[in-house]
>>> print(open('work_33.cif').read())   # mmCIF, C-alpha atoms
data_start
loop_
_atom_site.group_PDB
_atom_site.id
_atom_site.type_symbol
_atom_site.label_atom_id
_atom_site.label_comp_id
_atom_site.auth_asym_id
_atom_site.auth_seq_id
_atom_site.Cartn_x
_atom_site.Cartn_y
_atom_site.Cartn_z
ATOM 1 C CA MET A 1179 -27.411 22.167 -10.622
ATOM 2 C CA ALA A 1180 -24.742 19.535 -9.919
ATOM 3 C CA ARG A 1181 -21.261 20.376 -11.157
ATOM 4 C CA ARG A 1182 -20.144 18.082 -13.958
ATOM 5 C CA ARG A 1183 -16.925 16.253 -13.136
ATOM 6 C CA ARG A 1184 -14.197 16.656 -15.741
ATOM 7 C CA GLY A 1185 -12.699 13.590 -17.368
ATOM 8 C CA ARG A 1186 -13.870 10.103 -18.258
ATOM 9 C CA PRO A 1187 -15.738 7.792 -15.861
ATOM 10 C CA ILE A 1188 -13.140 5.019 -15.949
ATOM 11 C CA ASN A 1189 -13.249 2.386 -13.186
ATOM 12 C CA GLY A 1190 -10.520 -0.105 -12.337
ATOM 13 C CA VAL A 1191 -7.129 -0.727 -10.744
ATOM 14 C CA LEU A 1192 -3.756 -0.239 -12.397
ATOM 15 C CA LEU A 1193 -0.627 -1.889 -11.002
ATOM 16 C CA LEU A 1194 1.965 0.812 -11.603
ATOM 17 C CA ASP A 1195 5.725 0.268 -11.392
ATOM 18 C CA LYS A 1196 6.703 3.596 -9.831
ATOM 19 C CA HIS A 1197 10.055 5.036 -10.823
ATOM 20 C CA GLU A 1198 12.681 6.303 -8.406
ATOM 21 C CA GLY A 1199 12.553 10.035 -7.737
ATOM 22 C CA VAL A 1200 8.819 10.328 -8.401
ATOM 23 C CA SER A 1201 6.429 10.995 -5.522
ATOM 24 C CA SER A 1202 3.381 8.777 -5.186
ATOM 25 C CA ASN A 1203 1.115 11.771 -5.778
ATOM 26 C CA ARG A 1204 3.010 12.739 -8.925
ATOM 27 C CA ALA A 1205 2.754 9.165 -10.227
ATOM 28 C CA LEU A 1206 -0.969 9.209 -9.460
ATOM 29 C CA GLN A 1207 -1.510 12.440 -11.399
ATOM 30 C CA GLN A 1208 0.493 11.118 -14.365
ATOM 31 C CA VAL A 1209 -1.691 8.015 -14.589
ATOM 32 C CA ARG A 1210 -4.886 9.989 -14.101
ATOM 33 C CA GLY A 1211 -3.910 12.347 -16.912
ATOM 34 C CA LEU A 1212 -2.989 9.504 -19.250
ATOM 35 C CA TYR A 1213 -6.363 7.824 -18.722
ATOM 36 C CA GLN A 1214 -8.171 11.204 -18.535
ATOM 37 C CA ALA A 1215 -9.968 9.741 -15.539
ATOM 38 C CA GLN A 1216 -12.485 11.668 -13.451
ATOM 39 C CA LYS A 1217 -11.228 10.261 -10.157
ATOM 40 C CA ALA A 1218 -8.015 8.601 -9.036
ATOM 41 C CA GLY A 1219 -6.331 7.582 -5.807
ATOM 42 C CA HIS A 1220 -3.594 5.281 -4.553
ATOM 43 C CA THR A 1221 -3.533 2.687 -1.798
ATOM 44 C CA GLY A 1222 -0.630 3.886 0.325
ATOM 45 C CA THR A 1223 2.398 5.963 -0.537
ATOM 46 C CA LEU A 1224 5.877 4.951 -1.578
ATOM 47 C CA ASP A 1225 8.697 7.357 -0.750
ATOM 48 C CA PRO A 1226 10.148 9.123 -3.827
ATOM 49 C CA MET A 1227 13.347 7.090 -3.358
ATOM 50 C CA ALA A 1228 11.425 3.804 -3.533
ATOM 51 C CA THR A 1229 10.348 1.977 -6.685
ATOM 52 C CA GLY A 1230 7.898 -0.770 -7.492
ATOM 53 C CA LEU A 1231 4.294 -1.643 -6.946
ATOM 54 C CA LEU A 1232 1.883 1.272 -6.481
ATOM 55 C CA PRO A 1233 -1.746 0.247 -7.137
ATOM 56 C CA ILE A 1234 -3.635 3.180 -8.677
ATOM 57 C CA CYS A 1235 -7.418 3.213 -8.243
ATOM 58 C CA LEU A 1236 -9.543 4.890 -10.898
ATOM 59 C CA GLY A 1237 -13.175 5.948 -10.608
ATOM 60 C CA GLU A 1238 -15.326 3.730 -8.396
ATOM 61 C CA ALA A 1239 -12.270 1.748 -7.300
ATOM 62 C CA THR A 1240 -11.243 4.718 -5.149
ATOM 63 C CA LYS A 1241 -14.148 3.864 -2.819
ATOM 64 C CA PHE A 1242 -12.417 0.627 -1.844
ATOM 65 C CA SER A 1243 -8.762 1.723 -1.727
ATOM 66 C CA SER A 1244 -8.812 1.803 2.088
ATOM 67 C CA TRP A 1245 -9.002 -1.992 2.162
ATOM 68 C CA LEU A 1246 -5.401 -2.091 0.903
ATOM 69 C CA LEU A 1247 -4.075 0.378 3.472
ATOM 70 C CA ASP A 1248 -4.122 -2.404 6.056
ATOM 71 C CA ALA A 1249 -2.591 -4.979 3.699
ATOM 72 C CA ASP A 1250 0.650 -6.871 4.245
ATOM 73 C CA LYS A 1251 3.551 -5.913 1.989
ATOM 74 C CA ARG A 1252 6.772 -7.361 0.594
ATOM 75 C CA TYR A 1253 9.933 -5.431 -0.276
ATOM 76 C CA LEU A 1254 13.424 -5.854 -1.632
ATOM 77 C CA ALA A 1255 15.584 -3.604 0.548
ATOM 78 C CA SER A 1256 19.229 -2.623 0.101
ATOM 79 C CA ILE A 1257 21.010 -1.744 3.357
ATOM 80 C CA ARG A 1258 24.180 0.339 3.623
ATOM 81 C CA LEU A 1259 26.274 -0.505 6.675
ATOM 82 C CA GLY A 1260 28.445 1.845 8.704
ATOM 83 C CA VAL A 1261 26.621 5.107 7.928
ATOM 84 C CA VAL A 1262 23.736 6.552 9.985
ATOM 85 C CA THR A 1263 21.582 9.353 8.536
ATOM 86 C CA ASP A 1264 18.949 11.611 10.069
ATOM 87 C CA THR A 1265 16.192 10.240 7.816
ATOM 88 C CA GLY A 1266 17.210 6.582 8.002
ATOM 89 C CA ASP A 1267 17.791 6.464 4.235
ATOM 90 C CA ARG A 1268 20.375 7.650 1.734
ATOM 91 C CA GLU A 1269 18.625 10.981 1.161
ATOM 92 C CA GLY A 1270 19.334 12.205 4.697
ATOM 93 C CA GLU A 1271 22.259 14.028 6.239
ATOM 94 C CA VAL A 1272 25.021 11.793 7.583
ATOM 95 C CA LEU A 1273 25.016 11.816 11.393
ATOM 96 C CA LYS A 1274 27.888 9.417 12.003
ATOM 97 C CA GLN A 1275 30.116 6.868 10.307
ATOM 98 C CA ARG A 1276 31.350 3.712 11.988
ATOM 99 C CA SER A 1277 33.653 0.888 11.032
ATOM 100 C CA VAL A 1278 31.996 -2.245 9.706
ATOM 101 C CA PRO A 1279 33.127 -5.551 11.263
ATOM 102 C CA ASP A 1280 33.949 -8.580 9.160
ATOM 103 C CA LEU A 1281 30.606 -10.307 8.828
ATOM 104 C CA GLU A 1282 29.875 -13.786 7.560
ATOM 105 C CA ASP A 1283 26.481 -14.535 6.043
ATOM 106 C CA GLY A 1284 25.675 -16.536 9.157
ATOM 107 C CA ASP A 1285 26.351 -13.500 11.386
ATOM 108 C CA ILE A 1286 23.845 -11.445 9.446
ATOM 109 C CA GLU A 1287 21.262 -14.230 9.260
ATOM 110 C CA THR A 1288 21.432 -14.771 13.029
ATOM 111 C CA VAL A 1289 20.581 -11.106 13.613
ATOM 112 C CA LEU A 1290 17.835 -11.158 10.977
ATOM 113 C CA ALA A 1291 16.185 -14.148 12.645
ATOM 114 C CA ASP A 1292 15.746 -12.115 15.832
ATOM 115 C CA PHE A 1293 13.518 -9.646 13.971
ATOM 116 C CA VAL A 1294 11.052 -12.235 12.675
ATOM 117 C CA GLY A 1295 7.712 -12.112 14.491
ATOM 118 C CA GLU A 1296 5.948 -9.311 16.323
ATOM 119 C CA ILE A 1297 8.359 -6.510 17.224
ATOM 120 C CA GLU A 1298 8.229 -2.931 18.465
ATOM 121 C CA GLN A 1299 9.272 -0.066 16.212
ATOM 122 C CA VAL A 1300 9.661 3.598 17.058
ATOM 123 C CA PRO A 1301 8.314 5.544 14.042
ATOM 124 C CA PRO A 1302 10.944 7.755 12.391
ATOM 125 C CA MET A 1303 10.799 11.529 12.751
ATOM 126 C CA TYR A 1304 10.805 11.783 8.968
ATOM 127 C CA SER A 1305 7.362 10.232 8.529
ATOM 128 C CA ALA A 1306 3.827 11.403 7.771
ATOM 129 C CA LEU A 1307 2.494 10.501 11.227
ATOM 130 C CA LYS A 1308 0.990 13.571 12.851
ATOM 131 C CA HIS A 1309 1.674 15.294 16.174
ATOM 132 C CA GLN A 1310 -0.664 18.147 17.148
ATOM 133 C CA GLY A 1311 -1.925 18.372 13.577
ATOM 134 C CA GLN A 1312 1.487 18.494 11.929
ATOM 135 C CA PRO A 1313 3.312 15.610 10.257
ATOM 136 C CA LEU A 1314 6.421 14.477 12.088
ATOM 137 C CA TYR A 1315 8.621 15.353 9.120
ATOM 138 C CA ALA A 1316 7.598 19.019 9.501
ATOM 139 C CA HIS A 1317 8.799 18.976 13.111
ATOM 140 C CA ALA A 1318 12.000 17.212 12.019
ATOM 141 C CA ARG A 1319 12.726 19.817 9.337
ATOM 142 C CA ALA A 1320 12.250 22.507 11.989
ATOM 143 C CA GLY A 1321 14.904 20.803 14.120
ATOM 144 C CA ARG A 1322 12.503 19.378 16.690
ATOM 145 C CA GLU A 1323 12.959 15.818 17.951
ATOM 146 C CA LEU A 1324 9.729 14.530 19.534
ATOM 147 C CA GLU A 1325 9.185 11.485 21.689
ATOM 148 C CA ARG A 1326 7.305 8.787 19.760
ATOM 149 C CA ALA A 1327 5.553 5.806 21.284
ATOM 150 C CA PRO A 1328 6.703 2.435 19.904
ATOM 151 C CA ARG A 1329 4.238 0.524 17.745
ATOM 152 C CA ARG A 1330 3.728 -3.217 17.371
ATOM 153 C CA VAL A 1331 4.375 -4.502 13.854
ATOM 154 C CA SER A 1332 4.991 -7.956 12.406
ATOM 155 C CA ILE A 1333 7.920 -9.168 10.318
ATOM 156 C CA TYR A 1334 6.636 -12.329 8.656
ATOM 157 C CA ASP A 1335 9.767 -13.293 6.781
ATOM 158 C CA ILE A 1336 13.188 -11.791 6.182
ATOM 159 C CA ALA A 1337 15.899 -13.323 4.010
ATOM 160 C CA LEU A 1338 19.411 -12.288 2.998
ATOM 161 C CA THR A 1339 19.437 -12.250 -0.815
ATOM 162 C CA SER A 1340 22.850 -10.785 -1.689
ATOM 163 C CA ARG A 1341 26.003 -9.152 -0.331
ATOM 164 C CA HIS A 1342 27.717 -6.113 -1.803
ATOM 165 C CA ALA A 1343 30.690 -3.929 -0.899
ATOM 166 C CA ARG A 1344 28.608 -1.453 1.119
ATOM 167 C CA GLY A 1345 26.215 -3.880 2.793
ATOM 168 C CA PHE A 1346 23.562 -6.373 1.710
ATOM 169 C CA SER A 1347 20.032 -6.796 0.334
ATOM 170 C CA LEU A 1348 16.990 -8.344 1.983
ATOM 171 C CA ASP A 1349 13.679 -9.799 0.859
ATOM 172 C CA VAL A 1350 11.244 -8.891 3.645
ATOM 173 C CA SER A 1351 7.495 -9.399 4.183
ATOM 174 C CA VAL A 1352 5.821 -7.186 6.778
ATOM 175 C CA SER A 1353 2.530 -6.038 8.260
ATOM 176 C CA LYS A 1354 0.957 -2.627 7.791
ATOM 177 C CA GLY A 1355 2.693 0.243 9.536
ATOM 178 C CA THR A 1356 6.195 -1.243 9.268
ATOM 179 C CA TYR A 1357 8.945 1.233 8.408
ATOM 180 C CA ILE A 1358 11.673 -0.485 6.410
ATOM 181 C CA ARG A 1359 13.976 2.483 7.121
ATOM 182 C CA THR A 1360 13.622 1.844 10.831
ATOM 183 C CA LEU A 1361 14.154 -1.878 10.323
ATOM 184 C CA ALA A 1362 17.386 -1.131 8.440
ATOM 185 C CA GLU A 1363 18.578 1.142 11.255
ATOM 186 C CA ASP A 1364 17.729 -1.405 13.941
ATOM 187 C CA ILE A 1365 19.505 -4.210 12.080
ATOM 188 C CA GLY A 1366 22.565 -1.978 11.725
ATOM 189 C CA GLU A 1367 22.629 -1.311 15.457
ATOM 190 C CA ARG A 1368 22.377 -5.028 16.219
ATOM 191 C CA LEU A 1369 25.333 -5.625 13.890
ATOM 192 C CA GLY A 1370 27.300 -3.010 15.818
ATOM 193 C CA CYS A 1371 27.984 -0.564 13.013
ATOM 194 C CA GLY A 1372 24.773 1.316 12.242
ATOM 195 C CA ALA A 1373 23.060 1.386 8.864
ATOM 196 C CA HIS A 1374 20.581 3.154 6.625
ATOM 197 C CA LEU A 1375 18.275 2.191 3.786
ATOM 198 C CA GLU A 1376 20.040 2.611 0.462
ATOM 199 C CA GLY A 1377 17.302 1.339 -1.855
ATOM 200 C CA LEU A 1378 13.770 -0.015 -1.671
ATOM 201 C CA ARG A 1379 11.493 -1.795 -4.132
ATOM 202 C CA ARG A 1380 7.961 -2.915 -3.285
ATOM 203 C CA LEU A 1381 7.143 -6.343 -4.686
ATOM 204 C CA ARG A 1382 3.699 -7.014 -3.201
ATOM 205 C CA THR A 1383 0.851 -5.281 -1.454
ATOM 206 C CA GLY A 1384 -2.131 -7.337 -0.329
ATOM 207 C CA PRO A 1385 -3.227 -9.624 -3.201
ATOM 208 C CA PHE A 1386 -1.175 -7.786 -5.838
ATOM 209 C CA ASN A 1387 2.393 -8.626 -6.810
ATOM 210 C CA ASP A 1388 4.985 -7.245 -9.191
ATOM 211 C CA GLY A 1389 4.261 -9.768 -11.952
ATOM 212 C CA ASN A 1390 1.663 -7.577 -13.689
ATOM 213 C CA MET A 1391 3.159 -4.122 -13.139
ATOM 214 C CA LEU A 1392 3.539 -1.557 -15.911
ATOM 215 C CA ASP A 1393 5.674 1.562 -15.842
ATOM 216 C CA PHE A 1394 4.509 4.911 -17.153
ATOM 217 C CA GLU A 1395 6.549 4.693 -20.358
ATOM 218 C CA ALA A 1396 4.907 1.382 -21.295
ATOM 219 C CA LEU A 1397 1.475 2.874 -20.682
ATOM 220 C CA GLU A 1398 2.296 5.940 -22.801
ATOM 221 C CA ALA A 1399 3.201 3.708 -25.742
ATOM 222 C CA MET A 1400 -0.200 1.965 -25.670
ATOM 223 C CA SER A 1401 -3.438 2.902 -27.371
ATOM 224 C CA ASP A 1402 -6.409 3.952 -25.216
ATOM 225 C CA GLU A 1403 -7.993 0.551 -25.748
ATOM 226 C CA GLN A 1404 -4.817 -1.281 -24.718
ATOM 227 C CA ARG A 1405 -4.516 0.814 -21.557
ATOM 228 C CA LEU A 1406 -8.113 0.025 -20.595
ATOM 229 C CA GLU A 1407 -7.395 -3.671 -21.030
ATOM 230 C CA LYS A 1408 -4.621 -3.417 -18.430
ATOM 231 C CA LEU A 1409 -7.019 -2.314 -15.688
ATOM 232 C CA LEU A 1410 -8.085 -4.865 -13.100
ATOM 233 C CA PRO A 1411 -11.780 -4.844 -12.111
ATOM 234 C CA VAL A 1412 -12.902 -2.825 -9.097
ATOM 235 C CA ASP A 1413 -13.560 -5.928 -7.005
ATOM 236 C CA ALA A 1414 -9.897 -6.987 -7.297
ATOM 237 C CA LEU A 1415 -9.422 -4.753 -4.240
ATOM 238 C CA ILE A 1416 -11.922 -6.679 -2.121
ATOM 239 C CA ASN A 1417 -11.720 -10.258 -3.383
ATOM 240 C CA HIS A 1418 -10.621 -11.319 0.105
ATOM 241 C CA LEU A 1419 -14.100 -10.494 1.450
ATOM 242 C CA PRO A 1420 -16.841 -13.141 1.398
ATOM 243 C CA GLN A 1421 -19.292 -12.897 -1.490
ATOM 244 C CA LEU A 1422 -23.076 -12.545 -1.206
ATOM 245 C CA ASP A 1423 -25.684 -12.347 -3.966
ATOM 246 C CA THR A 1424 -29.068 -10.695 -4.200
ATOM 247 C CA ASP A 1425 -32.031 -10.626 -6.604
ATOM 248 C CA ASP A 1426 -33.577 -7.767 -8.604
ATOM 249 C CA ASP A 1427 -35.625 -6.467 -5.682
ATOM 250 C CA GLY A 1428 -32.704 -6.664 -3.296
ATOM 251 C CA ALA A 1429 -30.443 -4.828 -5.740
ATOM 252 C CA GLN A 1430 -32.944 -1.994 -6.029
ATOM 253 C CA ARG A 1431 -33.299 -1.725 -2.266
ATOM 254 C CA ILE A 1432 -29.593 -1.767 -1.515
ATOM 255 C CA LEU A 1433 -28.816 0.810 -4.215
ATOM 256 C CA HIS A 1434 -31.385 3.108 -2.610
ATOM 257 C CA GLY A 1435 -29.606 2.806 0.729
ATOM 258 C CA GLN A 1436 -32.069 0.375 2.276
ATOM 259 C CA PRO A 1437 -31.315 -2.906 4.100
ATOM 260 C CA VAL A 1438 -31.986 -6.101 2.183
ATOM 261 C CA SER A 1439 -32.981 -9.609 3.229
ATOM 262 C CA LEU A 1440 -30.863 -12.401 1.749
ATOM 263 C CA ASP A 1441 -28.965 -15.580 2.548
ATOM 264 C CA THR A 1442 -25.908 -14.399 4.488
ATOM 265 C CA ASN A 1443 -24.261 -17.844 4.313
ATOM 266 C CA GLY A 1444 -23.856 -18.036 8.081
ATOM 267 C CA LEU A 1445 -21.825 -14.829 8.388
ATOM 268 C CA GLU A 1446 -21.861 -13.297 11.861
ATOM 269 C CA GLU A 1447 -23.532 -9.973 12.562
ATOM 270 C CA GLY A 1448 -21.077 -7.156 11.846
ATOM 271 C CA SER A 1449 -19.285 -9.112 9.112
ATOM 272 C CA VAL A 1450 -18.407 -7.276 5.917
ATOM 273 C CA ALA A 1451 -19.029 -8.812 2.491
ATOM 274 C CA ARG A 1452 -19.089 -7.856 -1.184
ATOM 275 C CA LEU A 1453 -22.530 -7.965 -2.752
ATOM 276 C CA TYR A 1454 -23.363 -8.933 -6.331
ATOM 277 C CA HIS A 1455 -26.433 -8.943 -8.537
ATOM 278 C CA ASP A 1456 -26.329 -10.921 -11.761
ATOM 279 C CA HIS A 1457 -22.517 -11.206 -11.459
ATOM 280 C CA ALA A 1458 -22.134 -7.408 -11.192
ATOM 281 C CA LEU A 1459 -20.609 -5.855 -8.075
ATOM 282 C CA LEU A 1460 -22.968 -3.569 -6.163
ATOM 283 C CA GLY A 1461 -20.560 -2.716 -3.372
ATOM 284 C CA VAL A 1462 -19.702 -3.685 0.190
ATOM 285 C CA VAL A 1463 -22.365 -4.448 2.794
ATOM 286 C CA THR A 1464 -22.453 -5.172 6.518
ATOM 287 C CA VAL A 1465 -24.406 -8.087 7.965
ATOM 288 C CA SER A 1466 -26.818 -6.183 10.223
ATOM 289 C CA GLY A 1467 -28.816 -9.123 11.519
ATOM 290 C CA PRO A 1468 -29.888 -12.691 10.735
ATOM 291 C CA GLY A 1469 -30.511 -12.827 6.997
ATOM 292 C CA GLN A 1470 -30.145 -9.066 6.593
ATOM 293 C CA CYS A 1471 -27.502 -6.723 5.188
ATOM 294 C CA SER A 1472 -27.134 -2.957 5.134
ATOM 295 C CA PRO A 1473 -25.187 -0.910 2.580
ATOM 296 C CA ARG A 1474 -21.692 0.196 3.580
ATOM 297 C CA ARG A 1475 -19.988 1.349 0.367
ATOM 298 C CA LEU A 1476 -21.800 1.176 -2.958
ATOM 299 C CA ILE A 1477 -20.653 1.760 -6.514
ATOM 300 C CA ASN A 1478 -22.253 3.781 -9.267
ATOM 301 C CA THR A 1479 -21.790 2.103 -12.636
ATOM 302 C CA ALA A 1480 -23.834 4.625 -14.655
ATOM 303 C CA GLY A 1481 -21.946 5.702 -17.724
ATOM 304 C CA GLU A 1482 -18.690 3.962 -16.842
ATOM 305 C CA ASP A 1483 -16.016 3.219 -19.451
ATOM 306 C CA ARG A 1484 -15.111 0.060 -17.556
#
>>> encode(input="work_33.cif", output="C-alpha cells")
Amino acid sequence: MARRRRGRPINGVLLLDKHEGVSSNRALQQVRGLYQAQKAGHTGTLDPMATGLLPICLGEATKFSSWLLDADKRYLASIRLGVVTDTGDREGEVLKQRSVPDLEDGDIETVLADFVGEIEQVPPMYSALKHQGQPLYAHARAGRELERAPRRVSIYDIALTSRHARGFSLDVSVSKGTYIRTLAEDIGERLGCGAHLEGLRRLRTGPFNDGNMLDFEALEAMSDEQRLEKLLPVDALINHLPQLDTDDDGAQRILHGQPVSLDTNGLEEGSVARLYHDHALLGVVTVSGPGQCSPRRLINTAGEDR
C-alpha cells in the first residue's frame, strides 16, 4: 500500500523575499509549513547573509525547479574596501586590512568595465562545490586550502549605484555559477586595497524579479485563500520553452509515458518544449523525431489545490 503524503497538494511558485540571517532551507520550511504543502523546493540557495528573491516551488512545480538553476541573476551588492576576509564576506575572519586610496567614481567605473563580459573566477573555499564527496566549505573549516580550477562565467552588466564611507554598492547582472563574493574580492584587488562583500540582495532570477515578492510576515497575515492567490502557476518556471499542444488521444498517450504524434512547429529533434492539452499543462516533452514527442517531465494534477 502506497504511503500517503502528509500535507495539502498545493502546486505553484511563490516569490519569497528572504530575510537576512535565514538560510534558504529554513525559509523553504517556513513557507511549506504556512501553506501546509506536501512538497516544496527552491531554485538555488541564497546565503543566510543575503536577502531578496528566493522562488519557492510547491507541489508539482518542484519538478521544474531545475530550469531556474541555470538562469541569469541580478543583484544589488555592497562592497567594503580595505578589509579581506577568509570567506569573502563580512561573516568571515579578517585576514588583512589595507589602506584605501582616494578613489573618484571614474576610477571605480574604469575597473568595473574590465569585468564586463566572459571572465574566469576561482570558486571560493567557502562554497558548496564538492571535492571528493565533501563540500569545499567543510575542507575550509578544517583548515584545508585546496586548489580550485577557474570557471568561465559572464558579467552582463555592472553599474556603480552609490558610494558610502566604507566602500560602494553595485547593481550587477550575471550568469549562473557567478560568485558575487569572489567578484567583490577581485574588484578590491584591482583597486589595490582588497575588499569583501558586505551585503547582498537578489533582485532577479530568470524571468522573476523583485516586483512581486512577499516576505514571510506578509504571508502570515493573509488568509489561506489570499496566500493561494499569490502563487504563480507551475508553468511560470518554463514559459521560456516553446509551447506545443495535443488532442485528447495524445494527452492520454503522453500521460501514460508513451510518445505522441503532433505538430512540432518545426522544432529540431532533441528540442525541449512544454506540452498542453485544452490549455492545461501536461509537462515537458522532448522532440524525438519528425512530428513526434516523448515525455520528459510530466505533472500530476489529481486532487491539486491549485
>>> residues_around(input="work_33.cif", residues="A:Val1463", least_positions_apart="3", cutoff="12 Å", atoms="all atoms listed in the file", output="PyMOL selection string")
chain A and resi 1416+1419-1424+1429+1432-1433+1435-1440+1442+1445+1447-1454+1459-1460+1466-1467+1470-1477
>>> closest_atom_pairs(input="work_33.cif", of="stretch 1339-1452 of chain A", to="stretch 1254-1264 of chain A", cutoff="6 Å", atoms="only C-alpha atoms", output="JSON lines")
{"residue": "A:Arg1344", "atom": "CA", "partner": "A:Arg1258", "partner_atom": "CA", "distance": 5.4}
{"residue": "A:Gly1345", "atom": "CA", "partner": "A:Arg1258", "partner_atom": "CA", "distance": 4.8}
{"residue": "A:Phe1346", "atom": "CA", "partner": "A:Ile1257", "partner_atom": "CA", "distance": 5.5}
{"residue": "A:Ser1347", "atom": "CA", "partner": "A:Ser1256", "partner_atom": "CA", "distance": 4.3}
{"residue": "A:Leu1348", "atom": "CA", "partner": "A:Ala1255", "partner_atom": "CA", "distance": 5.1}
{"residue": "A:Asp1349", "atom": "CA", "partner": "A:Leu1254", "partner_atom": "CA", "distance": 4.7}
{"residue": "A:Cys1371", "atom": "CA", "partner": "A:Gly1260", "partner_atom": "CA", "distance": 5.0}
{"residue": "A:Gly1372", "atom": "CA", "partner": "A:Gly1260", "partner_atom": "CA", "distance": 5.1}
{"residue": "A:Ala1373", "atom": "CA", "partner": "A:Leu1259", "partner_atom": "CA", "distance": 4.3}
{"residue": "A:His1374", "atom": "CA", "partner": "A:Arg1258", "partner_atom": "CA", "distance": 5.5}
{"residue": "A:Leu1375", "atom": "CA", "partner": "A:Ile1257", "partner_atom": "CA", "distance": 4.8}
{"residue": "A:Glu1376", "atom": "CA", "partner": "A:Ser1256", "partner_atom": "CA", "distance": 5.3}
{"residue": "A:Gly1377", "atom": "CA", "partner": "A:Ser1256", "partner_atom": "CA", "distance": 4.8}
{"residue": "A:Leu1378", "atom": "CA", "partner": "A:Ala1255", "partner_atom": "CA", "distance": 4.6}
{"residue": "A:Arg1379", "atom": "CA", "partner": "A:Leu1254", "partner_atom": "CA", "distance": 5.1}
>>> residues_around(input="work_33.cif", residues="A:Phe1386", least_positions_apart="6", cutoff="9 Å", atoms="all atoms listed in the file", output="list in words")
Leu1193, Leu1231, Pro1233, Ala1414 and Leu1415 of chain A
>>> atom_distance(input="work_33.cif", atom1="atom CA of A:Gly1190", atom2="atom CA of A:Arg1252")
22.8 Å
>>> residues_around(input="work_33.cif", residues="A:His1197", least_positions_apart="5", cutoff="9 Å", atoms="all atoms listed in the file", output="mmCIF file with C-alpha atoms, keeping the file's coordinate frame")
data_model
loop_
_atom_site.group_PDB
_atom_site.id
_atom_site.type_symbol
_atom_site.label_atom_id
_atom_site.label_comp_id
_atom_site.auth_asym_id
_atom_site.auth_seq_id
_atom_site.Cartn_x
_atom_site.Cartn_y
_atom_site.Cartn_z
ATOM 1 C CA ALA A 1205 2.754 9.165 -10.227
ATOM 2 C CA PRO A 1226 10.148 9.123 -3.827
ATOM 3 C CA MET A 1227 13.347 7.090 -3.358
ATOM 4 C CA ALA A 1228 11.425 3.804 -3.533
ATOM 5 C CA THR A 1229 10.348 1.977 -6.685
ATOM 6 C CA GLY A 1230 7.898 -0.770 -7.492
ATOM 7 C CA ASP A 1393 5.674 1.562 -15.842
ATOM 8 C CA PHE A 1394 4.509 4.911 -17.153
#
>>> resolve_selection(input="work_33.cif", expression="the PyMOL selection byres ((chain A and resi 1204) around 12)", output="list in words")
Lys1196, His1197, Glu1198, Gly1199, Val1200, Ser1201, Ser1202, Asn1203, Ala1205, Leu1206, Gln1207, Gln1208, Val1209, Arg1210, Gly1211, Ala1218, Gly1219, His1220, Thr1223, Leu1224, Asp1225, Pro1226, Leu1232, Ile1234 and Phe1394 of chain A
>>> residues_near_point(input="work_33.cif", point="(-6.5, 3.1, -0.1)", cutoff="9 Å", atoms="all atoms listed in the file", output="list of chain:residue names")
A:Gly1219, A:His1220, A:Thr1221, A:Gly1222, A:Pro1233, A:Cys1235, A:Thr1240, A:Lys1241, A:Phe1242, A:Ser1243, A:Ser1244, A:Trp1245, A:Leu1246, A:Leu1247, A:Asp1248
>>> residues_near_point(input="work_33.cif", point="(21.4, -14.8, 7.7)", cutoff="12 Å", atoms="only C-alpha atoms", output="PyMOL selection string")
chain A and resi 1281-1294+1335-1341+1346-1349+1365+1369
>>> axis_aligned_box(input="work_33.cif", around="stretch 1382-1393 of chain A", padding_each_side="3 Å", output="JSON")
{"center_x": 1.2, "center_y": -4.1, "center_z": -8.1, "size_x": 14.9, "size_y": 17.3, "size_z": 21.6}
>>> closest_residue(input="work_33.cif", among="A:Glu1403, A:His1455, A:Leu1392, A:Gln1214", to="A:Leu1192", atoms="all atoms listed in the file")
A:Leu1392
>>> atom_distance(input="work_33.cif", atom1="atom CA of A:Thr1464", atom2="atom CA of A:Asn1189")
23.0 Å
>>> decode(input="work_33.cif", residues="stretch 1432-1441 of chain A", atoms="N, CA and C atoms", output="short mmCIF file (atom, residue, chain, number, x, y, z; two decimals), in the first residue's frame")
data_model
loop_
_atom_site.label_atom_id
_atom_site.label_comp_id
_atom_site.auth_asym_id
_atom_site.auth_seq_id
_atom_site.Cartn_x
_atom_site.Cartn_y
_atom_site.Cartn_z
N ILE A 1432 0.60 10.50 -23.75
CA ILE A 1432 1.76 11.10 -23.11
C ILE A 1432 1.72 10.90 -21.60
N LEU A 1433 0.52 10.95 -21.01
CA LEU A 1433 0.40 10.78 -19.57
C LEU A 1433 0.62 9.33 -19.14
N HIS A 1434 0.59 8.42 -20.09
CA HIS A 1434 0.91 7.02 -19.83
C HIS A 1434 2.35 6.69 -20.23
N GLY A 1435 3.14 7.76 -20.47
CA GLY A 1435 4.56 7.56 -20.75
C GLY A 1435 4.86 7.14 -22.17
N GLN A 1436 3.93 7.32 -23.08
CA GLN A 1436 4.13 6.90 -24.46
C GLN A 1436 4.41 8.11 -25.35
N PRO A 1437 5.17 7.92 -26.44
CA PRO A 1437 5.38 9.02 -27.39
C PRO A 1437 4.08 9.39 -28.08
N VAL A 1438 4.01 10.62 -28.57
CA VAL A 1438 2.79 11.10 -29.20
C VAL A 1438 3.15 11.81 -30.51
N SER A 1439 2.31 11.65 -31.50
CA SER A 1439 2.47 12.33 -32.78
C SER A 1439 1.70 13.64 -32.75
N LEU A 1440 2.38 14.72 -33.13
CA LEU A 1440 1.73 16.04 -33.16
C LEU A 1440 2.56 16.99 -34.01
N ASP A 1441 2.01 18.16 -34.25
CA ASP A 1441 2.72 19.20 -34.99
C ASP A 1441 3.77 19.82 -34.08
#
